file upload_29.csv (CSV, C-alpha atoms)
chain,number,residue,atom,x,y,z
A,8,MET,CA,-23.0,5.5,-16.2
A,9,SER,CA,-21.2,8.6,-14.9
A,10,LYS,CA,-18.3,8.3,-12.4
A,11,PHE,CA,-20.4,10.0,-9.8
A,12,ALA,CA,-23.2,7.4,-10.4
A,13,LYS,CA,-20.7,4.6,-10.1
A,14,ARG,CA,-19.5,5.9,-6.7
A,15,ILE,CA,-23.1,6.2,-5.5
A,16,THR,CA,-23.8,2.6,-6.7
A,17,ALA,CA,-20.6,1.4,-5.0
A,18,ALA,CA,-21.7,3.1,-1.8
A,19,MET,CA,-25.2,1.4,-2.0
A,20,ALA,CA,-23.6,-2.0,-2.6
A,21,PHE,CA,-21.4,-1.5,0.5
A,22,THR,CA,-24.5,-0.5,2.5
A,23,LEU,CA,-26.3,-3.7,1.4
A,24,LEU,CA,-23.3,-5.9,2.1
A,25,ALA,CA,-22.8,-4.2,5.5
A,26,ALA,CA,-26.4,-4.9,6.3
A,27,SER,CA,-26.0,-8.6,5.4
A,28,LEU,CA,-23.1,-8.7,7.8
A,29,GLY,CA,-25.1,-7.2,10.6
A,30,PHE,CA,-24.0,-3.6,10.4
A,31,SER,CA,-26.5,-0.7,10.2
A,32,ALA,CA,-26.5,3.1,10.4
A,33,SER,CA,-27.7,2.8,14.0
A,34,ASP,CA,-24.4,1.1,14.9
A,35,MET,CA,-22.4,4.1,13.8
A,36,PRO,CA,-21.3,6.6,16.5
A,37,LYS,CA,-23.4,9.8,16.7
A,38,THR,CA,-21.6,12.9,15.6
A,39,LEU,CA,-20.8,15.4,18.4
A,40,GLU,CA,-23.5,18.0,18.7
A,41,LEU,CA,-22.7,21.7,18.4
A,42,GLY,CA,-22.1,23.3,21.7
A,43,SER,CA,-20.6,20.1,23.2
A,44,SER,CA,-17.3,20.1,25.0
A,45,ALA,CA,-14.3,18.6,23.2
A,46,PRO,CA,-13.9,15.0,24.3
A,47,ASP,CA,-10.5,14.3,25.9
A,48,PHE,CA,-7.8,12.3,24.1
A,49,ASN,CA,-4.4,10.8,24.6
A,50,LEU,CA,-3.2,9.4,21.3
A,51,PRO,CA,0.2,8.4,19.7
A,52,GLY,CA,1.4,10.6,16.9
A,53,VAL,CA,3.7,10.1,14.0
A,54,ASP,CA,6.3,12.1,15.9
A,55,GLY,CA,6.7,9.2,18.4
A,56,LYS,CA,4.9,11.2,21.2
A,57,ASN,CA,1.5,11.0,22.8
A,58,HIS,CA,-0.7,14.0,22.4
A,59,LYS,CA,-3.4,15.1,24.8
A,60,LEU,CA,-6.3,17.6,24.5
A,61,ALA,CA,-4.6,19.6,27.4
A,62,ASP,CA,-1.5,20.1,25.2
A,63,TYR,CA,-3.5,22.6,23.2
A,64,ALA,CA,-5.0,24.5,26.1
A,65,GLN,CA,-3.4,27.8,25.1
A,66,ALA,CA,-4.9,27.9,21.6
A,67,GLU,CA,-7.7,30.3,21.0
A,68,VAL,CA,-9.2,27.9,18.4
A,69,LEU,CA,-8.7,24.1,18.2
A,70,VAL,CA,-9.3,22.4,14.8
A,71,ILE,CA,-9.5,18.6,14.8
A,72,ILE,CA,-9.7,16.9,11.4
A,73,PHE,CA,-10.4,13.2,11.1
A,74,THR,CA,-8.6,12.0,8.0
A,75,CYS,CA,-6.5,9.0,6.9
A,76,ASN,CA,-3.9,7.8,4.4
A,77,HIS,CA,-5.8,5.8,1.9
A,78,CYS,CA,-9.0,7.7,1.1
A,79,PRO,CA,-8.8,9.6,-2.3
A,80,THR,CA,-10.8,12.5,-0.9
A,81,ALA,CA,-8.6,12.7,2.2
A,82,GLN,CA,-5.5,12.7,-0.1
A,83,THR,CA,-6.8,15.5,-2.2
A,84,TYR,CA,-7.3,17.6,0.9
A,85,GLU,CA,-3.8,17.1,2.3
A,86,GLU,CA,-2.3,20.2,0.8
A,87,ARG,CA,-5.3,22.3,2.0
A,88,ILE,CA,-4.9,20.9,5.5
A,89,LYS,CA,-1.2,21.9,5.4
A,90,ARG,CA,-2.2,25.4,4.3
A,91,LEU,CA,-4.7,25.8,7.1
A,92,ALA,CA,-2.1,24.7,9.7
A,93,SER,CA,0.5,27.1,8.2
A,94,ASP,CA,-1.8,30.1,7.8
A,95,TYR,CA,-3.1,30.0,11.4
A,96,LYS,CA,-0.1,28.6,13.2
A,97,ASN,CA,0.9,32.1,14.6
A,98,LYS,CA,-2.7,33.3,15.1
A,99,GLY,CA,-3.6,31.2,18.1
A,100,VAL,CA,-5.0,28.2,16.2
A,101,ALA,CA,-4.0,24.6,16.8
A,102,LEU,CA,-4.7,22.0,14.1
A,103,VAL,CA,-4.6,18.3,14.9
A,104,ALA,CA,-5.3,15.5,12.5
A,105,ILE,CA,-6.6,12.1,13.7
A,106,SER,CA,-6.9,8.9,11.8
A,107,ALA,CA,-9.9,7.0,13.1
A,108,ASN,CA,-9.5,4.0,10.8
A,109,ASP,CA,-8.8,0.4,12.0
A,110,PRO,CA,-6.3,-0.8,9.5
A,111,LYS,CA,-7.6,-4.4,9.9
A,112,ALA,CA,-11.0,-3.1,8.7
A,113,VAL,CA,-9.7,-1.9,5.4
A,114,ARG,CA,-10.1,-4.2,2.4
A,115,LEU,CA,-7.2,-4.4,0.0
A,116,ASP,CA,-9.4,-3.2,-2.9
A,117,GLU,CA,-10.3,-0.1,-0.9
A,118,LEU,CA,-6.6,0.9,-1.2
A,119,GLY,CA,-6.8,1.3,-5.0
A,120,TYR,CA,-6.0,5.0,-4.8
A,121,SER,CA,-3.2,4.8,-2.3
A,122,ASP,CA,0.2,3.2,-1.9
A,123,MET,CA,-0.3,2.5,1.8
A,124,SER,CA,-2.9,1.7,4.4
A,125,ASP,CA,-3.8,3.3,7.7
A,126,SER,CA,-1.5,1.8,10.3
A,127,LEU,CA,0.6,4.1,12.5
A,128,GLU,CA,3.7,3.0,10.7
A,129,ASP,CA,2.1,3.9,7.3
A,130,MET,CA,1.0,7.2,8.8
A,131,LYS,CA,4.6,8.0,9.7
A,132,VAL,CA,5.7,7.3,6.1
A,133,ARG,CA,2.9,9.4,4.7
A,134,ALA,CA,3.5,12.3,7.0
A,135,LYS,CA,7.2,12.4,6.2
A,136,ARG,CA,6.6,12.2,2.4
A,137,MET,CA,4.0,15.0,2.5
A,138,GLY,CA,5.8,17.2,5.0
A,139,PHE,CA,3.0,17.3,7.5
A,140,HIS,CA,3.9,20.0,10.1
A,141,PHE,CA,0.9,19.4,12.4
A,142,PRO,CA,0.2,16.5,14.8
A,143,TYR,CA,-1.1,13.4,13.0
A,144,LEU,CA,-2.5,11.0,15.6
A,145,TYR,CA,-3.5,7.4,15.5
A,146,ASP,CA,-6.8,6.1,16.9
A,147,GLY,CA,-7.1,2.9,15.0
A,148,GLU,CA,-6.3,0.7,18.0
A,149,THR,CA,-9.3,1.3,20.2
A,150,GLN,CA,-11.2,4.0,18.2
A,151,LYS,CA,-12.5,5.4,21.6
A,152,VAL,CA,-11.7,9.0,20.7
A,153,SER,CA,-13.3,8.7,17.3
A,154,HIS,CA,-16.4,7.2,18.8
A,155,ALA,CA,-16.6,10.2,21.1
A,156,TYR,CA,-16.4,12.7,18.3
A,157,GLY,CA,-18.4,10.7,15.7
A,158,PRO,CA,-16.8,11.5,12.4
A,159,VAL,CA,-18.7,10.2,9.4
A,160,THR,CA,-16.2,10.4,6.6
A,161,THR,CA,-12.6,11.4,5.9
A,162,PRO,CA,-12.0,14.2,6.1
A,163,HIS,CA,-14.4,15.5,8.8
A,164,VAL,CA,-13.7,18.8,10.7
A,165,PHE,CA,-14.5,19.8,14.3
A,166,VAL,CA,-13.7,23.4,15.3
A,167,PHE,CA,-13.7,24.4,18.9
A,168,ASP,CA,-13.6,27.8,20.6
A,169,LYS,CA,-11.3,28.8,23.5
A,170,ALA,CA,-13.7,27.2,26.0
A,171,ARG,CA,-13.5,24.0,23.8
A,172,LYS,CA,-17.1,24.1,22.8
A,173,LEU,CA,-17.9,22.8,19.4
A,174,ARG,CA,-18.7,25.7,17.1
A,175,PHE,CA,-18.4,24.2,13.6
A,176,VAL,CA,-18.6,20.6,12.3
A,177,GLY,CA,-18.4,19.5,8.7
A,178,ARG,CA,-16.4,19.9,5.6
A,179,ILE,CA,-13.2,21.8,4.8
A,180,ASP,CA,-14.7,23.4,1.7
A,181,ASP,CA,-17.4,22.7,-0.9
A,182,SER,CA,-15.4,20.8,-3.6
A,183,GLU,CA,-12.8,18.0,-3.7
A,184,LYS,CA,-11.3,19.8,-6.7
A,185,PRO,CA,-9.4,22.9,-5.5
A,186,GLU,CA,-10.1,24.9,-8.7
A,187,ARG,CA,-13.9,24.5,-8.1
A,188,VAL,CA,-13.9,25.7,-4.4
A,189,LYS,CA,-16.4,28.6,-3.8
A,190,VAL,CA,-17.0,28.3,0.0
A,191,GLN,CA,-14.2,27.6,2.5
A,192,ASP,CA,-16.3,26.6,5.4
A,193,THR,CA,-13.5,25.6,7.9
A,194,ARG,CA,-11.5,28.7,7.1
A,195,ASN,CA,-14.6,30.9,7.5
A,196,ALA,CA,-15.4,29.3,10.9
A,197,ILE,CA,-11.8,29.9,12.1
A,198,GLU,CA,-11.8,33.6,10.9
A,199,ALA,CA,-15.2,34.2,12.6
A,200,LEU,CA,-14.0,32.8,16.0
A,201,LEU,CA,-10.8,34.8,15.9
A,202,ALA,CA,-12.8,37.9,15.2
A,203,GLY,CA,-15.4,37.2,17.9
A,204,LYS,CA,-18.1,37.0,15.3
A,205,GLU,CA,-20.9,34.5,14.5
A,206,ILE,CA,-19.9,31.7,12.3
A,207,PRO,CA,-21.9,32.0,9.0
A,208,VAL,CA,-22.5,28.3,8.6
A,209,THR,CA,-22.0,26.0,11.6
A,210,LYS,CA,-22.8,22.6,10.2
A,211,THR,CA,-22.4,20.9,6.8
A,212,ARG,CA,-22.5,17.5,5.2
A,213,THR,CA,-19.2,15.8,4.5
A,214,ILE,CA,-18.0,13.8,1.4
A,215,GLY,CA,-15.3,11.2,1.5
A,216,CYS,CA,-14.6,7.6,2.5
A,217,SER,CA,-16.6,6.1,5.4
A,218,ILE,CA,-14.7,5.6,8.7
A,219,LYS,CA,-13.4,2.0,8.9
A,220,TRP,CA,-14.8,1.0,12.3
A,221,SER,CA,-13.5,-2.3,13.7
A,222,ASP,CA,-16.8,-4.0,13.1
A,223,LYS,CA,-16.0,-4.0,9.4
A,224,ARG,CA,-13.3,-6.6,10.0
A,225,GLU,CA,-15.8,-9.2,9.0
A,226,TYR,CA,-16.2,-7.4,5.7
A,227,VAL,CA,-12.5,-7.8,5.1
A,228,LYS,CA,-12.7,-11.5,6.0
A,229,LYS,CA,-15.4,-12.0,3.5
A,230,ALA,CA,-13.3,-10.4,0.8
A,231,PHE,CA,-10.4,-12.8,1.5
A,232,GLU,CA,-12.7,-15.7,1.3
A,233,LYS,CA,-14.1,-14.5,-2.0
A,234,TRP,CA,-10.6,-14.0,-3.5
A,235,ALA,CA,-9.5,-17.5,-2.3
A,236,ALA,CA,-12.4,-19.1,-4.3
A,237,GLU,CA,-11.3,-17.5,-7.6
A,238,ASP,CA,-10.0,-19.7,-10.4
A,239,VAL,CA,-6.3,-20.0,-10.9
A,240,ALA,CA,-5.0,-21.1,-14.3
A,241,LEU,CA,-1.6,-21.3,-16.1
A,242,GLU,CA,-1.2,-21.1,-19.9
A,243,MET,CA,1.8,-21.8,-22.2
A,244,ILE,CA,3.3,-18.8,-23.9
A,245,ASN,CA,6.1,-18.4,-26.5
A,246,ALA,CA,8.6,-15.7,-27.2
A,247,GLU,CA,6.4,-13.8,-29.6
A,248,GLY,CA,3.5,-13.9,-27.2
A,249,ILE,CA,5.7,-12.4,-24.5
A,250,LYS,CA,6.8,-9.6,-26.9
A,251,GLN,CA,3.1,-8.8,-27.5
A,252,LEU,CA,2.4,-8.7,-23.7
A,253,VAL,CA,5.3,-6.2,-23.2
A,254,ALA,CA,4.0,-4.1,-26.2
A,255,ASN,CA,0.9,-3.7,-24.0
A,256,ASP,CA,-2.1,-2.8,-26.2
A,257,SER,CA,-4.5,-3.5,-23.4
A,258,GLY,CA,-5.3,0.1,-22.5
A,259,LYS,CA,-4.3,-0.7,-18.9
A,260,LEU,CA,-1.2,-0.2,-16.8
A,261,ARG,CA,0.4,-3.7,-16.9
A,262,LEU,CA,2.6,-5.3,-14.2
A,263,VAL,CA,4.6,-8.2,-15.5
A,264,ASN,CA,6.6,-10.4,-13.1
A,265,ILE,CA,9.0,-13.2,-14.2
A,266,TRP,CA,9.4,-15.8,-11.6
A,267,ALA,CA,10.1,-19.5,-11.0
A,268,THR,CA,9.4,-22.0,-8.2
A,269,TRP,CA,13.2,-22.7,-7.9
A,270,CYS,CA,13.9,-19.0,-7.3
A,271,GLY,CA,13.9,-18.3,-3.6
A,272,ALA,CA,13.5,-14.5,-3.9
A,273,CYS,CA,10.6,-15.0,-6.4
A,274,VAL,CA,8.8,-17.2,-3.8
A,275,VAL,CA,9.4,-14.7,-1.0
A,276,GLU,CA,8.0,-11.7,-2.8
A,277,PHE,CA,5.0,-13.3,-4.4
A,278,ASP,CA,2.6,-12.6,-1.5
A,279,GLU,CA,3.3,-8.9,-2.0
A,280,LEU,CA,2.5,-9.1,-5.7
A,281,ILE,CA,-0.8,-10.8,-4.9
A,282,GLU,CA,-1.6,-8.0,-2.5
A,283,ILE,CA,-0.7,-5.4,-5.1
A,284,ASN,CA,-3.0,-7.1,-7.7
A,285,ARG,CA,-5.9,-7.1,-5.3
A,286,MET,CA,-5.3,-3.4,-4.5
A,287,TYR,CA,-5.4,-2.1,-8.0
A,288,ARG,CA,-7.1,-4.6,-10.3
A,289,GLY,CA,-10.4,-2.7,-9.9
A,290,ARG,CA,-8.9,0.2,-11.8
A,291,GLU,CA,-7.2,0.3,-15.2
A,292,PHE,CA,-4.5,-2.1,-14.1
A,293,GLU,CA,-3.7,-5.8,-14.6
A,294,MET,CA,-1.0,-8.1,-13.4
A,295,ILE,CA,0.6,-10.9,-15.4
A,296,THR,CA,3.0,-13.5,-14.2
A,297,ILE,CA,5.3,-15.6,-16.4
A,298,SER,CA,6.9,-18.7,-14.9
A,299,GLY,CA,10.5,-19.5,-16.0
A,300,ASP,CA,10.1,-23.1,-14.8
A,301,SER,CA,10.7,-25.8,-17.4
A,302,PRO,CA,7.5,-26.6,-19.4
A,303,GLU,CA,7.5,-30.1,-17.9
A,304,LYS,CA,7.2,-28.5,-14.4
A,305,LYS,CA,3.9,-26.8,-15.3
A,306,ASP,CA,2.0,-28.8,-12.7
A,307,LYS,CA,4.4,-27.7,-10.0
A,308,ALA,CA,4.2,-24.1,-11.1
A,309,LEU,CA,0.4,-24.2,-11.2
A,310,SER,CA,0.3,-25.8,-7.7
A,311,PHE,CA,2.3,-22.9,-6.4
A,312,LEU,CA,0.0,-20.4,-8.0
A,313,LYS,CA,-3.0,-22.0,-6.6
A,314,LYS,CA,-1.5,-22.0,-3.1
A,315,LYS,CA,-0.8,-18.3,-3.5
A,316,GLU,CA,-4.4,-17.7,-4.9
A,317,ALA,CA,-2.9,-16.0,-8.0
A,318,SER,CA,-6.1,-15.5,-9.9
A,319,CYS,CA,-4.4,-13.0,-12.3
A,320,LYS,CA,-3.3,-14.0,-15.8
A,321,ASN,CA,-0.5,-16.5,-15.5
A,322,TYR,CA,1.8,-18.0,-18.2
A,323,ILE,CA,4.7,-20.4,-18.3
A,324,PHE,CA,7.4,-20.1,-21.0
A,325,ASP,CA,7.2,-22.9,-23.5
A,326,SER,CA,11.0,-23.4,-23.7
A,327,ASP,CA,13.9,-24.2,-21.4
A,328,ASP,CA,15.9,-21.4,-23.0
A,329,LYS,CA,15.9,-18.8,-20.2
A,330,TYR,CA,18.1,-16.4,-22.2
A,331,LEU,CA,15.4,-16.3,-24.9
A,332,LEU,CA,12.8,-15.7,-22.2
A,333,MET,CA,14.5,-12.7,-20.7
A,334,GLU,CA,15.4,-11.2,-24.1
A,335,SER,CA,11.7,-11.5,-25.1
A,336,VAL,CA,10.7,-9.7,-21.9
A,337,ASP,CA,13.1,-6.9,-22.0
A,338,LYS,CA,16.2,-6.4,-24.2
A,339,GLU,CA,17.7,-4.3,-21.4
A,340,SER,CA,17.5,-7.2,-19.0
A,341,LEU,CA,20.8,-8.6,-17.8
A,342,GLY,CA,19.1,-11.9,-16.9
A,343,GLY,CA,18.1,-13.1,-13.5
A,344,MET,CA,14.9,-13.6,-11.5
A,345,PRO,CA,12.7,-12.3,-10.2
A,346,TYR,CA,12.3,-9.6,-12.8
A,347,THR,CA,9.4,-7.1,-12.6
A,348,LEU,CA,8.2,-4.5,-15.2
A,349,LEU,CA,5.5,-1.9,-15.0
A,350,ILE,CA,4.4,-1.0,-18.5
A,351,LYS,CA,2.1,1.8,-19.7
A,352,PRO,CA,-0.4,1.2,-22.5
A,353,GLY,CA,1.7,1.4,-25.7
A,354,GLY,CA,4.7,-0.3,-24.2
A,355,LYS,CA,6.6,2.3,-22.3
A,356,ILE,CA,8.4,0.7,-19.3
A,357,ILE,CA,8.2,3.0,-16.3
A,358,TYR,CA,9.5,0.6,-13.6
A,359,ARG,CA,12.2,-2.1,-13.8
A,360,GLN,CA,13.4,-4.3,-11.0
A,361,LEU,CA,15.9,-7.1,-11.1
A,362,GLY,CA,15.6,-9.0,-7.8
A,363,MET,CA,13.0,-8.5,-5.1
A,364,ILE,CA,10.7,-5.6,-5.4
A,365,ASP,CA,10.4,-2.9,-2.7
A,366,ALA,CA,6.6,-3.2,-2.4
A,367,LEU,CA,6.1,0.4,-1.3
A,368,ASP,CA,8.2,1.8,-4.2
A,369,LEU,CA,6.2,-0.3,-6.7
A,370,LYS,CA,2.8,0.7,-5.2
A,371,THR,CA,3.9,4.3,-5.4
A,372,ALA,CA,4.9,3.9,-9.0
A,373,ILE,CA,1.5,2.3,-9.8
A,374,VAL,CA,-0.7,4.9,-7.9
A,375,GLU,CA,1.2,7.8,-9.3
A,376,GLU,CA,0.5,6.6,-12.8
A,377,LEU,CA,-3.2,5.7,-12.1
A,378,GLY,CA,-3.8,8.7,-10.0
A,379,ARG,CA,-4.6,9.2,-6.3
A,380,TYR,CA,-7.9,11.1,-6.7
A,381,TYR,CA,-11.3,10.7,-8.3
A,382,LYS,CA,-11.4,12.5,-11.7
call {"tool": "encode", "arguments": {"input": "upload_29.csv", "output": "structure tokens"}}
result
Amino acid sequence: MSKFAKRITAAMAFTLLAASLGFSASDMPKTLELGSSAPDFNLPGVDGKNHKLADYAQAEVLVIIFTCNHCPTAQTYEERIKRLASDYKNKGVALVAISANDPKAVRLDELGYSDMSDSLEDMKVRAKRMGFHFPYLYDGETQKVSHAYGPVTTPHVFVFDKARKLRFVGRIDDSEKPERVKVQDTRNAIEALLAGKEIPVTKTRTIGCSIKWSDKREYVKKAFEKWAAEDVALEMINAEGIKQLVANDSGKLRLVNIWATWCGACVVEFDELIEINRMYRGREFEMITISGDSPEKKDKALSFLKKKEASCKNYIFDSDDKYLLMESVDKESLGGMPYTLLIKPGGKIIYRQLGMIDALDLKTAIVEELGRYYK
């Protein structure tokens, strides 16, 4: 099955699940019609200020792009959005990006191509990292503005003329892959309005992730219930077995965490590790935990893992010799727990952390290796 076919199949599966939860296409907001006036808004931005429609009254053209942090398609368009904002900044064009997504309606496994979700705080981090020089506004709290505009996917563009009448609605261009772009629809619409000409194409389809409306929170709840029901097991492993794990012939990016029930920092960070596993395990990724508890404490370690719903592969070292354990894991280790490694297929270690992980740093390392975009 092709990757495109897999994406279509996944979309169909979501549609069926959504229907089983009581959602339907008729529940989705209607996209603003061409010729309609721009709905008003007053939304918080990543700059700590609120932004209103009236703030852009002097612009000859107003471009509003509904986008988000986590969507692979939205991420592949970030640089193109930045270029649009830069190219037309001094030509009377205002560009405003709005995230419509309710962060509580985003499943963890929908974040597999990102290192962060769609909260306002996450948006601030993403905007800083990417050097956004345009307003990036948050509508995930009430989604009232997004309901008024009716975006279907991220990204989704709405271009308004000086009178704030909608003149173009649709895609940025005709391909997620920059090298394959042939038609730059949004740029063409802006150029036509600035020149006082007719826009060649006024409406197109859009491709990207669906908007995460608040009624999808039930979908998230169902996911957590499913994960909680997964089996949790704990197996013995010896030093040679650990060396083989670190050699990583799995063909997957492998996260290995050494922990123990008596290690306070291990216990504190474990929830974040479970979240990371749920985010990326649908890709070429796997997480393995190795307990440094004494073998006779296996039941205690397993009880902890079950409480944390750790349905990944879990091992417990078959010896009380902690020095041998750590030497087997990584000859560069100075000892101490927790200890976390990110290992490429073939055994190259690309991330080491003695002590508690910085979850965002680890997620970034993972997604930069796996890739942020569909290929």
call {"tool": "residues_around", "arguments": {"input": "upload_29.csv", "residues": "A:Gly342", "least_positions_apart": "4", "cutoff": "12 Å", "atoms": "only C-alpha atoms", "output": "PyMOL selection string"}}
result
chain A and resi 265-266+299+328-338+346-347+360-362
call {"tool": "atom_distance", "arguments": {"input": "upload_29.csv", "atom1": "atom CA of A:Glu376", "atom2": "atom CA of A:Ser121"}}
result
11.3 Å
call {"tool": "closest_atom_pairs", "arguments": {"input": "upload_29.csv", "of": "stretch 21-128 of chain A", "to": "stretch 142-166 of chain A", "cutoff": "10 Å", "atoms": "all atoms listed in the file", "output": "JSON lines"}}
result
{"residue": "A:Met35", "atom": "CA", "partner": "A:Gly157", "partner_atom": "CA", "distance": 7.9}
{"residue": "A:Pro36", "atom": "CA", "partner": "A:Gly157", "partner_atom": "CA", "distance": 5.1}
{"residue": "A:Lys37", "atom": "CA", "partner": "A:Gly157", "partner_atom": "CA", "distance": 5.2}
{"residue": "A:Thr38", "atom": "CA", "partner": "A:Gly157", "partner_atom": "CA", "distance": 3.9}
{"residue": "A:Leu39", "atom": "CA", "partner": "A:Tyr156", "partner_atom": "CA", "distance": 5.2}
{"residue": "A:Glu40", "atom": "CA", "partner": "A:Tyr156", "partner_atom": "CA", "distance": 8.9}
{"residue": "A:Leu41", "atom": "CA", "partner": "A:Phe165", "partner_atom": "CA", "distance": 9.4}
{"residue": "A:Ser43", "atom": "CA", "partner": "A:Tyr156", "partner_atom": "CA", "distance": 9.8}
{"residue": "A:Ala45", "atom": "CA", "partner": "A:Tyr156", "partner_atom": "CA", "distance": 8.0}
{"residue": "A:Pro46", "atom": "CA", "partner": "A:Ala155", "partner_atom": "CA", "distance": 6.4}
{"residue": "A:Asp47", "atom": "CA", "partner": "A:Val152", "partner_atom": "CA", "distance": 7.5}
{"residue": "A:Phe48", "atom": "CA", "partner": "A:Val152", "partner_atom": "CA", "distance": 6.1}
{"residue": "A:Asn49", "atom": "CA", "partner": "A:Val152", "partner_atom": "CA", "distance": 8.5}
{"residue": "A:Leu50", "atom": "CA", "partner": "A:Leu144", "partner_atom": "CA", "distance": 6.0}
{"residue": "A:Pro51", "atom": "CA", "partner": "A:Leu144", "partner_atom": "CA", "distance": 5.6}
{"residue": "A:Gly52", "atom": "CA", "partner": "A:Leu144", "partner_atom": "CA", "distance": 4.1}
{"residue": "A:Val53", "atom": "CA", "partner": "A:Tyr143", "partner_atom": "CA", "distance": 5.9}
{"residue": "A:Asp54", "atom": "CA", "partner": "A:Pro142", "partner_atom": "CA", "distance": 7.6}
{"residue": "A:Gly55", "atom": "CA", "partner": "A:Leu144", "partner_atom": "CA", "distance": 9.8}
{"residue": "A:Lys56", "atom": "CA", "partner": "A:Leu144", "partner_atom": "CA", "distance": 9.3}
{"residue": "A:Asn57", "atom": "CA", "partner": "A:Leu144", "partner_atom": "CA", "distance": 8.2}
{"residue": "A:His58", "atom": "CA", "partner": "A:Leu144", "partner_atom": "CA", "distance": 7.6}
{"residue": "A:Val68", "atom": "CA", "partner": "A:Val166", "partner_atom": "CA", "distance": 7.1}
{"residue": "A:Leu69", "atom": "CA", "partner": "A:Val166", "partner_atom": "CA", "distance": 5.8}
{"residue": "A:Val70", "atom": "CA", "partner": "A:Val166", "partner_atom": "CA", "distance": 4.5}
{"residue": "A:Ile71", "atom": "CA", "partner": "A:Phe165", "partner_atom": "CA", "distance": 5.2}
{"residue": "A:Ile72", "atom": "CA", "partner": "A:Val164", "partner_atom": "CA", "distance": 4.5}
{"residue": "A:Phe73", "atom": "CA", "partner": "A:His163", "partner_atom": "CA", "distance": 5.2}
{"residue": "A:Thr74", "atom": "CA", "partner": "A:Pro162", "partner_atom": "CA", "distance": 4.5}
{"residue": "A:Cys75", "atom": "CA", "partner": "A:Thr161", "partner_atom": "CA", "distance": 6.6}
{"residue": "A:Asn76", "atom": "CA", "partner": "A:Thr161", "partner_atom": "CA", "distance": 9.5}
{"residue": "A:His77", "atom": "CA", "partner": "A:Thr161", "partner_atom": "CA", "distance": 9.7}
{"residue": "A:Cys78", "atom": "CA", "partner": "A:Thr161", "partner_atom": "CA", "distance": 7.0}
{"residue": "A:Pro79", "atom": "CA", "partner": "A:Thr161", "partner_atom": "CA", "distance": 9.2}
{"residue": "A:Thr80", "atom": "CA", "partner": "A:Thr161", "partner_atom": "CA", "distance": 7.1}
{"residue": "A:Ala81", "atom": "CA", "partner": "A:Pro162", "partner_atom": "CA", "distance": 5.4}
{"residue": "A:Gln82", "atom": "CA", "partner": "A:Pro162", "partner_atom": "CA", "distance": 9.1}
{"residue": "A:Thr83", "atom": "CA", "partner": "A:Pro162", "partner_atom": "CA", "distance": 9.9}
{"residue": "A:Tyr84", "atom": "CA", "partner": "A:Pro162", "partner_atom": "CA", "distance": 7.8}
{"residue": "A:Glu85", "atom": "CA", "partner": "A:Pro162", "partner_atom": "CA", "distance": 9.5}
{"residue": "A:Ile88", "atom": "CA", "partner": "A:Pro162", "partner_atom": "CA", "distance": 9.8}
{"residue": "A:Ala92", "atom": "CA", "partner": "A:Pro142", "partner_atom": "CA", "distance": 9.9}
{"residue": "A:Val100", "atom": "CA", "partner": "A:Val166", "partner_atom": "CA", "distance": 10.0}
{"residue": "A:Ala101", "atom": "CA", "partner": "A:Pro142", "partner_atom": "CA", "distance": 9.3}
{"residue": "A:Leu102", "atom": "CA", "partner": "A:Pro142", "partner_atom": "CA", "distance": 7.4}
{"residue": "A:Val103", "atom": "CA", "partner": "A:Pro142", "partner_atom": "CA", "distance": 5.1}
{"residue": "A:Ala104", "atom": "CA", "partner": "A:Tyr143", "partner_atom": "CA", "distance": 4.7}
{"residue": "A:Ile105", "atom": "CA", "partner": "A:Leu144", "partner_atom": "CA", "distance": 4.7}
{"residue": "A:Ser106", "atom": "CA", "partner": "A:Tyr145", "partner_atom": "CA", "distance": 5.2}
{"residue": "A:Ala107", "atom": "CA", "partner": "A:Asp146", "partner_atom": "CA", "distance": 5.0}
{"residue": "A:Asn108", "atom": "CA", "partner": "A:Gly147", "partner_atom": "CA", "distance": 5.0}
{"residue": "A:Asp109", "atom": "CA", "partner": "A:Gly147", "partner_atom": "CA", "distance": 4.3}
{"residue": "A:Pro110", "atom": "CA", "partner": "A:Gly147", "partner_atom": "CA", "distance": 6.7}
{"residue": "A:Lys111", "atom": "CA", "partner": "A:Gly147", "partner_atom": "CA", "distance": 8.9}
{"residue": "A:Ala112", "atom": "CA", "partner": "A:Gly147", "partner_atom": "CA", "distance": 9.5}
{"residue": "A:Asp125", "atom": "CA", "partner": "A:Gly147", "partner_atom": "CA", "distance": 8.0}
{"residue": "A:Ser126", "atom": "CA", "partner": "A:Gly147", "partner_atom": "CA", "distance": 7.4}
{"residue": "A:Leu127", "atom": "CA", "partner": "A:Tyr145", "partner_atom": "CA", "distance": 6.1}
{"residue": "A:Glu128", "atom": "CA", "partner": "A:Tyr145", "partner_atom": "CA", "distance": 9.7}
call {"tool": "atom_distance", "arguments": {"input": "upload_29.csv", "atom1": "atom CA of A:Ser298", "atom2": "atom CA of A:Ala267"}}
result
5.1 Å
call {"tool": "closest_residue", "arguments": {"input": "upload_29.csv", "among": "A:Ser44, A:Pro345, A:Asp62, A:Ala240", "to": "A:Ala170", "atoms": "only C-alpha atoms"}}
result
A:Ser44
call {"tool": "closest_residue", "arguments": {"input": "upload_29.csv", "among": "A:Lys96, A:Lys305, A:Lys370, A:Arg133", "to": "A:Leu280", "atoms": "all atoms listed in the file"}}
result
A:Lys370
call {"tool": "residues_around", "arguments": {"input": "upload_29.csv", "residues": "stretch 194-203 of chain A", "least_positions_apart": "6", "cutoff": "8 Å", "atoms": "all atoms listed in the file", "output": "list of chain:residue names"}}
result
A:Glu67, A:Val68, A:Leu91, A:Val166, A:Asp168, A:Arg174, A:Phe175, A:Ile179, A:Thr209
